[in-house]
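Next up, data_22.cif (mmCIF, C-alpha atoms):
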```cif
data_input
#
loop_
_atom_site.label_atom_id
_atom_site.label_comp_id
_atom_site.auth_asym_id
_atom_site.auth_seq_id
_atom_site.Cartn_x
_atom_site.Cartn_y
_atom_site.Cartn_z
CA MET Z 1 -34.65 -68.81 61.99
CA ILE Z 2 -33.37 -69.84 58.55
CA ASP Z 3 -33.33 -66.90 56.14
CA VAL Z 4 -34.63 -68.57 52.98
CA THR Z 5 -36.35 -66.71 50.15
CA ALA Z 6 -39.17 -67.89 47.91
CA HIS Z 7 -36.93 -67.29 44.89
CA GLN Z 8 -34.25 -69.61 46.24
CA LEU Z 9 -36.84 -72.33 46.82
CA ARG Z 10 -38.18 -71.82 43.28
CA VAL Z 11 -34.65 -72.26 41.90
CA PHE Z 12 -34.17 -75.39 44.02
CA VAL Z 13 -37.43 -76.91 42.76
CA ALA Z 14 -36.52 -76.13 39.14
CA VAL Z 15 -33.14 -77.87 39.43
CA ALA Z 16 -34.74 -80.86 41.16
CA ARG Z 17 -37.37 -81.21 38.44
CA HIS Z 18 -34.97 -80.78 35.50
CA GLY Z 19 -32.03 -82.62 37.04
CA HIS Z 20 -29.72 -80.17 35.37
CA PHE Z 21 -28.53 -76.67 36.27
CA GLY Z 22 -28.44 -75.39 32.70
CA ARG Z 23 -31.95 -76.55 31.78
CA ALA Z 24 -33.33 -75.22 35.08
CA ALA Z 25 -31.70 -71.84 34.43
CA GLU Z 26 -33.19 -71.73 30.95
CA SER Z 27 -36.68 -72.51 32.29
CA LEU Z 28 -36.41 -69.62 34.76
CA HIS Z 29 -34.75 -67.25 32.27
CA LEU Z 30 -31.69 -66.96 34.49
CA ALA Z 31 -28.00 -67.20 33.80
CA THR Z 32 -26.62 -70.56 34.93
CA SER Z 33 -24.11 -68.80 37.17
CA THR Z 34 -26.92 -66.84 38.86
CA LEU Z 35 -28.94 -70.00 39.42
CA SER Z 36 -25.90 -71.78 40.85
CA GLU Z 37 -25.29 -68.91 43.26
CA ASN Z 38 -28.89 -69.14 44.49
CA VAL Z 39 -28.57 -72.89 45.10
CA ALA Z 40 -25.26 -72.41 46.89
CA THR Z 41 -26.76 -69.69 49.10
CA LEU Z 42 -29.74 -71.92 49.94
CA GLU Z 43 -27.46 -74.81 50.87
CA ARG Z 44 -25.35 -72.52 53.01
CA ARG Z 45 -28.33 -71.09 54.88
CA ILE Z 46 -29.89 -74.49 55.47
CA GLY Z 47 -26.55 -76.01 56.36
CA ARG Z 48 -27.06 -79.06 54.13
CA ARG Z 49 -25.92 -80.14 50.68
CA LEU Z 50 -29.01 -80.52 48.51
CA PHE Z 51 -27.54 -81.76 45.21
CA ASP Z 52 -24.86 -84.13 44.08
CA ARG Z 53 -23.36 -82.45 41.05
CA GLY Z 54 -21.93 -84.49 38.19
CA ARG Z 55 -21.09 -84.19 34.53
CA SER Z 56 -24.48 -85.60 33.53
CA GLY Z 57 -26.48 -83.27 35.75
CA ALA Z 58 -27.60 -82.84 39.36
CA SER Z 59 -29.33 -85.35 41.61
CA LEU Z 60 -30.95 -84.75 44.98
CA THR Z 61 -29.19 -85.75 48.17
CA PRO Z 62 -31.31 -87.41 50.91
CA GLU Z 63 -31.75 -83.96 52.48
CA GLY Z 64 -32.79 -82.56 49.09
CA VAL Z 65 -35.39 -85.32 48.74
CA GLU Z 66 -36.85 -84.35 52.12
CA LEU Z 67 -36.89 -80.64 51.28
CA LEU Z 68 -38.47 -80.97 47.82
CA PRO Z 69 -42.15 -81.49 48.84
CA LEU Z 70 -41.87 -78.69 51.42
CA ALA Z 71 -40.37 -76.32 48.84
CA GLU Z 72 -43.00 -77.28 46.25
CA ARG Z 73 -45.78 -76.38 48.66
CA VAL Z 74 -44.21 -72.96 49.25
CA VAL Z 75 -43.72 -72.30 45.54
CA ASP Z 76 -47.24 -73.46 44.71
CA GLY Z 77 -48.60 -71.19 47.45
CA ILE Z 78 -46.68 -68.18 46.10
CA ASP Z 79 -47.98 -68.93 42.59
CA ALA Z 80 -51.55 -69.15 43.92
CA ILE Z 81 -51.17 -65.77 45.63
CA ALA Z 82 -49.81 -64.24 42.43
CA ALA Z 83 -52.73 -65.65 40.42
CA TRP Z 84 -55.19 -64.31 42.97
CA GLY Z 85 -53.59 -60.88 42.86
CA GLN Z 86 -53.79 -60.83 39.06
CA ARG Z 87 -57.50 -61.73 39.18
CA VAL Z 88 -58.13 -58.89 41.63
CA ARG Z 89 -56.26 -56.43 39.39
CA ASP Z 90 -58.08 -57.65 36.29
CA THR Z 91 -61.58 -57.46 37.84
CA PRO Z 92 -63.29 -54.30 36.56
CA ARG Z 93 -64.77 -52.14 39.30
CA VAL Z 94 -67.53 -49.53 39.05
CA ARG Z 95 -68.29 -47.26 42.00
CA VAL Z 96 -71.78 -45.81 41.63
CA GLY Z 97 -72.66 -42.70 43.63
CA LEU Z 98 -76.19 -42.21 44.91
CA MET Z 99 -78.14 -39.36 46.48
CA VAL Z 100 -81.31 -41.25 47.40
CA THR Z 101 -82.36 -44.72 46.33
CA THR Z 102 -85.38 -45.20 44.06
CA PRO Z 103 -87.09 -48.23 42.49
CA ARG Z 104 -85.59 -47.33 39.10
CA PHE Z 105 -82.09 -47.14 40.57
CA ARG Z 106 -82.50 -50.59 42.10
CA ALA Z 107 -83.79 -51.94 38.78
CA VAL Z 108 -80.72 -50.55 36.99
CA MET Z 109 -78.30 -52.05 39.51
CA THR Z 110 -80.09 -55.41 39.46
CA GLU Z 111 -79.80 -55.61 35.67
CA ALA Z 112 -76.18 -54.44 35.75
CA ALA Z 113 -75.26 -57.19 38.21
CA ARG Z 114 -77.10 -59.75 36.08
CA GLU Z 115 -75.49 -58.73 32.78
CA ARG Z 116 -71.97 -58.15 34.13
CA PRO Z 117 -71.33 -60.53 37.04
CA ASP Z 118 -67.61 -60.13 36.32
CA VAL Z 119 -67.73 -56.50 37.49
CA GLN Z 120 -67.22 -55.53 41.12
CA TRP Z 121 -70.17 -53.19 41.69
CA GLU Z 122 -70.00 -50.73 44.59
CA ILE Z 123 -72.62 -48.22 45.74
CA ARG Z 124 -71.54 -45.09 47.61
CA GLN Z 125 -74.11 -42.97 49.45
CA LEU Z 126 -73.18 -39.35 48.67
CA GLY Z 127 -76.01 -37.37 50.19
CA PHE Z 128 -77.25 -34.19 48.55
CA ASP Z 129 -74.16 -32.02 48.48
CA GLY Z 130 -71.13 -34.24 48.02
CA TRP Z 131 -71.56 -35.74 44.59
CA VAL Z 132 -69.62 -33.14 42.56
CA ALA Z 133 -66.59 -33.41 44.84
CA ALA Z 134 -66.84 -37.22 44.81
CA LEU Z 135 -66.72 -37.25 41.00
CA GLU Z 136 -63.87 -34.73 40.88
CA ARG Z 137 -61.80 -36.67 43.41
CA GLY Z 138 -62.45 -39.94 41.62
CA ASP Z 139 -64.20 -41.44 44.65
CA VAL Z 140 -66.98 -42.62 42.32
CA ASP Z 141 -67.05 -43.37 38.59
CA CYS Z 142 -70.58 -42.03 38.07
CA ALA Z 143 -73.45 -40.74 40.18
CA PHE Z 144 -77.25 -40.75 40.07
CA VAL Z 145 -78.24 -37.16 40.79
CA ALA Z 146 -81.69 -35.58 41.16
CA GLU Z 147 -81.80 -32.13 39.50
CA ALA Z 148 -78.09 -31.90 38.69
CA GLY Z 149 -78.38 -28.24 37.65
CA PRO Z 150 -75.44 -26.42 36.01
CA LEU Z 151 -72.31 -28.58 35.99
CA PRO Z 152 -68.60 -27.79 35.81
CA ALA Z 153 -67.32 -28.11 32.23
CA HIS Z 154 -65.44 -31.33 33.02
CA LEU Z 155 -68.60 -33.15 34.17
CA HIS Z 156 -71.40 -34.49 32.00
CA ALA Z 157 -75.02 -35.41 32.82
CA GLU Z 158 -77.40 -37.69 30.92
CA SER Z 159 -81.07 -37.43 31.87
CA LEU Z 160 -82.63 -40.76 32.77
CA TRP Z 161 -86.12 -40.20 34.14
CA SER Z 162 -88.47 -37.56 35.54
CA GLU Z 163 -91.12 -37.89 38.22
CA GLY Z 164 -93.56 -35.77 40.13
CA LEU Z 165 -93.12 -34.64 43.71
CA VAL Z 166 -94.71 -35.33 47.07
CA LEU Z 167 -94.81 -33.42 50.32
CA VAL Z 168 -93.40 -35.42 53.23
CA VAL Z 169 -95.29 -34.62 56.46
CA PRO Z 170 -96.01 -36.25 59.82
CA GLU Z 171 -99.20 -38.30 59.85
CA ALA Z 172 -100.72 -35.86 62.36
CA HIS Z 173 -100.04 -32.83 60.12
CA PRO Z 174 -103.16 -31.00 58.86
CA LEU Z 175 -102.07 -31.53 55.23
CA ALA Z 176 -101.56 -35.29 55.63
CA ALA Z 177 -105.21 -36.07 54.96
CA GLN Z 178 -105.41 -33.98 51.77
CA PRO Z 179 -105.53 -35.84 48.42
CA SER Z 180 -102.95 -33.32 47.12
CA VAL Z 181 -101.48 -29.94 47.97
CA GLU Z 182 -100.07 -27.00 46.08
CA VAL Z 183 -97.27 -24.55 46.82
CA ALA Z 184 -99.63 -22.00 48.31
CA ASP Z 185 -100.55 -24.53 51.02
CA LEU Z 186 -96.93 -24.59 52.22
CA ALA Z 187 -96.84 -21.03 53.56
CA GLY Z 188 -95.42 -20.96 57.08
CA GLU Z 189 -94.04 -24.50 56.96
CA THR Z 190 -90.53 -25.31 58.16
CA PHE Z 191 -88.55 -27.45 55.73
CA ILE Z 192 -86.07 -29.94 57.08
CA ALA Z 193 -82.86 -29.47 55.08
CA VAL Z 194 -79.45 -31.09 54.95
CA HIS Z 195 -76.39 -29.44 56.48
CA ASP Z 196 -75.73 -27.50 53.24
CA PRO Z 197 -78.48 -24.91 53.74
CA THR Z 198 -77.57 -22.83 50.70
CA GLY Z 199 -77.80 -25.75 48.25
CA GLU Z 200 -80.96 -27.15 49.81
CA HIS Z 201 -82.64 -23.76 49.96
CA ALA Z 202 -81.78 -23.13 46.30
CA TRP Z 203 -83.30 -26.47 45.32
CA LEU Z 204 -86.47 -25.83 47.30
CA GLN Z 205 -86.70 -22.34 45.83
CA THR Z 206 -86.38 -23.74 42.32
CA ILE Z 207 -89.05 -26.35 42.94
CA THR Z 208 -91.55 -24.11 44.70
CA GLY Z 209 -90.76 -20.77 43.06
CA ARG Z 210 -90.62 -19.16 46.52
CA ASP Z 211 -87.66 -17.48 48.21
CA ASP Z 212 -89.32 -17.01 51.61
CA LEU Z 213 -89.20 -20.63 52.75
CA LYS Z 214 -88.09 -21.33 56.29
CA THR Z 215 -85.47 -24.09 56.40
CA MET Z 216 -83.87 -25.95 59.29
CA ALA Z 217 -80.53 -27.38 58.10
CA VAL Z 218 -79.98 -30.10 60.67
CA ALA Z 219 -79.96 -33.34 58.64
CA HIS Z 220 -77.01 -35.14 57.02
CA SER Z 221 -78.93 -37.66 54.90
CA PHE Z 222 -82.41 -38.30 53.53
CA GLU Z 223 -82.95 -40.90 56.23
CA GLU Z 224 -82.38 -38.20 58.84
CA VAL Z 225 -84.75 -35.88 56.96
CA LEU Z 226 -87.47 -38.52 57.16
CA GLU Z 227 -86.90 -39.18 60.86
CA LEU Z 228 -87.10 -35.46 61.67
CA CYS Z 229 -90.25 -35.09 59.59
CA GLY Z 230 -91.78 -38.07 61.35
CA ALA Z 231 -90.96 -36.47 64.69
CA GLY Z 232 -93.01 -33.43 63.70
CA LEU Z 233 -90.11 -30.99 63.37
CA GLY Z 234 -90.90 -30.01 59.79
CA VAL Z 235 -91.74 -31.11 56.27
CA ASN Z 236 -89.82 -31.90 53.10
CA ILE Z 237 -90.31 -32.47 49.38
CA ALA Z 238 -89.31 -35.73 47.68
CA GLY Z 239 -89.77 -37.59 44.43
CA ALA Z 240 -93.09 -39.31 43.83
CA SER Z 241 -91.42 -42.73 44.17
CA ALA Z 242 -90.41 -41.99 47.77
CA PRO Z 243 -93.41 -43.80 49.34
CA GLU Z 244 -92.35 -47.02 47.59
CA SER Z 245 -88.84 -46.84 49.04
CA PHE Z 246 -89.31 -45.01 52.33
CA ALA Z 247 -92.84 -45.65 53.62
CA ARG Z 248 -92.86 -45.99 57.40
CA PRO Z 249 -95.22 -45.45 60.33
CA GLY Z 250 -95.67 -41.81 61.29
CA LEU Z 251 -95.11 -40.36 57.79
CA ALA Z 252 -97.49 -39.30 55.04
CA PHE Z 253 -96.61 -38.55 51.40
CA VAL Z 254 -99.01 -36.10 49.78
CA PRO Z 255 -98.85 -35.43 46.01
CA LEU Z 256 -97.66 -31.90 45.25
CA ARG Z 257 -99.37 -30.35 42.25
CA GLY Z 258 -98.50 -27.34 40.14
CA VAL Z 259 -94.73 -27.87 40.32
CA PRO Z 260 -92.30 -29.14 37.67
CA ASP Z 261 -91.17 -32.76 37.70
CA VAL Z 262 -87.74 -33.54 39.09
CA THR Z 263 -85.24 -35.18 36.72
CA THR Z 264 -82.66 -37.78 37.74
CA SER Z 265 -79.49 -37.89 35.67
CA LEU Z 266 -76.42 -40.08 35.49
CA CYS Z 267 -73.36 -37.86 35.90
CA PHE Z 268 -69.74 -38.70 35.17
CA ALA Z 269 -66.48 -37.09 34.12
CA ARG Z 270 -66.33 -36.08 30.46
CA GLU Z 271 -62.77 -37.24 29.93
CA GLN Z 272 -62.75 -40.82 28.76
CA PRO Z 273 -64.94 -42.79 31.15
CA THR Z 274 -63.95 -46.45 31.10
CA GLU Z 275 -65.64 -48.81 28.70
CA VAL Z 276 -67.53 -50.54 31.50
CA VAL Z 277 -68.83 -47.16 32.77
CA ARG Z 278 -70.02 -46.27 29.25
CA GLU Z 279 -71.73 -49.66 29.03
CA PHE Z 280 -73.35 -49.01 32.41
CA GLY Z 281 -74.74 -45.70 31.13
CA ASP Z 282 -76.23 -47.43 28.08
CA LEU Z 283 -77.72 -50.13 30.29
CA ALA Z 284 -79.26 -47.53 32.62
CA HIS Z 285 -81.00 -45.86 29.68
CA ALA Z 286 -82.27 -49.23 28.38
CA VAL Z 287 -83.65 -50.30 31.78
CA VAL Z 288 -85.42 -46.97 32.34
CA GLU Z 289 -86.94 -47.06 28.85
CA GLN Z 290 -88.16 -50.63 29.44
CA ILE Z 291 -89.80 -49.56 32.70
CA ALA Z 292 -91.48 -46.63 30.93
CA ARG Z 293 -92.92 -48.98 28.28
CA ALA Z 294 -94.21 -51.50 30.83
#
```
As structure tokens, the full file:
Amino acid sequence: MIDVTAHQLRVFVAVARHGHFGRAAESLHLATSTLSENVATLERRIGRRLFDRGRSGASLTPEGVELLPLAERVVDGIDAIAAWGQRVRDTPRVRVGLMVTTPRFRAVMTEAARERPDVQWEIRQLGFDGWVAALERGDVDCAFVAEAGPLPAHLHAESLWSEGLVLVVPEAHPLAAQPSVEVADLAGETFIAVHDPTGEHAWLQTITGRDDLKTMAVAHSFEEVLELCGAGLGVNIAGASAPESFARPGLAFVPLRGVPDVTTSLCFAREQPTEVVREFGDLAHAVVEQIARA
């Protein structure tokens, strides 16, 4: 195997194109002696003389003529890789964290992709209990969070929209046929919760105003919550838009009255979010306001 470097081939091509060692060195911002050493090393490793050197410049030998198109392909390929790498580095990226999808969230992301096709948009499912840590670690640049509650001082939340709540129950549940239910109707029910029972119980307690709720913390995502509810293992509470996103056979969504609306906020680190993240926050507000006016 011939040990030839891309730099040596680039030097060779430059000399061949300029026909002169000094001008080639100037074009590559190299000392002429350094360029000459690279050519000499290349010739030694190939085992062929590539240039006839004269007072007027340098001309290719027959072997140099044969090597030139091969070397040009290598150099052009290296340049293409470098250009590709620069494009990747220069492409802005926004990683958006998400608890549970909603129609408004999808509308925001659709508009963001339309307005900024140059941005690499990524969506990260965070579940109910991992969003603070994801923001602190820098795993996401911002996060859509339902009922963010008190935040650490280094995080910031901007309210986007509020919506009512529904009770998620199996279709065969006695409450499924009711036009609506209230908190008093939930006595004795088991609530399917995520694996962070303390956080989920606190949220349910805040929503219902009750501290005697029975919870079963066996789910790891909202999809699992829905499957367990559909299997008849318990009930849950979700935003009023849940039927639009998660309707499926075996589940009923019953409006829950007499409880406060739940607010979804966009959360991000206080310290200098990037310009594209700030623009995304402004766009989210504009899209939500447009939906509210429609």
Inset, instruction - Find the spatial neighbours of segment 215-221 of chain Z, counting only C-alpha atoms, within a cut-off of 6 Å - ignore same-chain residues fewer than 2 positions away - and output them as a PyMOL selection string. - result: chain Z and resi 127+190-195+197+223-225
Inset, instruction - Show which residues sit within 9 Å of Ala269 of chain Z, as a list in words. Count only C-alpha atoms, and ignore same-chain residues fewer than 3 positions away. - result: Leu135, Glu136, Gly138, Asp141, Cys142, His154, Leu155, His156, Ala157, Gln272 and Pro273 of chain Z
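One finds atom CA of Ile81 of chain Z at 28.7 Å from atom CA of Val277 of chain Z.
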Legend entry - Of the listed residues Z:Pro179, Z:Phe144, Z:Leu9, Z:Arg73, that which approaches Trp131 of chain Z most closely, counting all atoms listed in the file: Z:Phe144
Residues of segment 53-111 of chain Z that have any atom at most 12 Å from an atom of segment 36-46 of chain Z: could you tabulate them with the shortest-distance atom pair and the distance in Å to one decimal, using only C-alpha atoms, ordered by chain and increasing number, as a Markdown table?
```
| residue | atom | partner | partner_atom | distance |
| --- | --- | --- | --- | --- |
| Z:Arg53 | CA | Z:Ser36 | CA | 11.0 |
| Z:Ala58 | CA | Z:Ser36 | CA | 11.3 |
| Z:Thr61 | CA | Z:Glu43 | CA | 11.4 |
| Z:Glu63 | CA | Z:Ile46 | CA | 10.1 |
| Z:Gly64 | CA | Z:Glu43 | CA | 9.6 |
| Z:Leu67 | CA | Z:Ile46 | CA | 10.2 |
| Z:Ala71 | CA | Z:Leu42 | CA | 11.6 |
```
Legend entry - Å distance separating atom CA of Thr206 of chain Z from atom CA of Leu165 of chain Z, one decimal place: 12.9 Å
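Each of Z:Ala242, Z:Ala83, Z:Ala294, Z:Val287 was compared to Met109 of chain Z using all atoms listed in the file, and Z:Val287 turns out to be the nearest.
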Inset, instruction - Could you check which of Z:Gly57, Z:Val259, Z:Glu111, Z:Phe51 is closest to Gly22 of chain Z, using all atoms listed in the file? - result: Z:Gly57
Inset, instruction - Would you write out, as a list in words, every residue that the PyMOL selection byres ((chain Z and resi 212) around 12) captures in this file? - result: Val183, Ala184, Leu186, Ala187, Gly188, Glu189, Thr190, Phe191, His201, Ala202, Leu204, Gln205, Thr206, Thr208, Gly209, Arg210, Asp211, Leu213, Lys214 and Thr215 of chain Z
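Pairwise distance (atom CA of Thr34 of chain Z, atom CA of Asp79 of chain Z) equals 21.5 Å.
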Inset, instruction - Spell out the residues picked by the PyMOL selection byres ((chain Z and resi 105) around 12) here, as a VMD selection string. - result: chain Z and resid 96 to 104 106 to 112 123 143 to 146 160 to 161 241 245 264 to 266 283 to 285 287 to 288 291
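Taking all atoms listed in the file, the non-local environment of Glu147 of chain Z within 10 Å (same-chain residues fewer than 4 positions away omitted) comprises Ser159, Ser162, Trp203, Thr206, Ile207, Asp261, Val262, Thr263, Thr264 and Ser265 of chain Z.
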Inset, instruction - Taking the file above as input, evaluate the PyMOL selection byres ((chain Z and resi 20) around 12) and report the hits as a PyMOL selection string. - result: chain Z and resi 11-19+21-27+32+35-36+51-60
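Proximity ranking of Z:Leu126, Z:Glu275, Z:Leu228, Z:His173 relative to Pro92 of chain Z places Z:Glu275 first, based on all atoms listed in the file.
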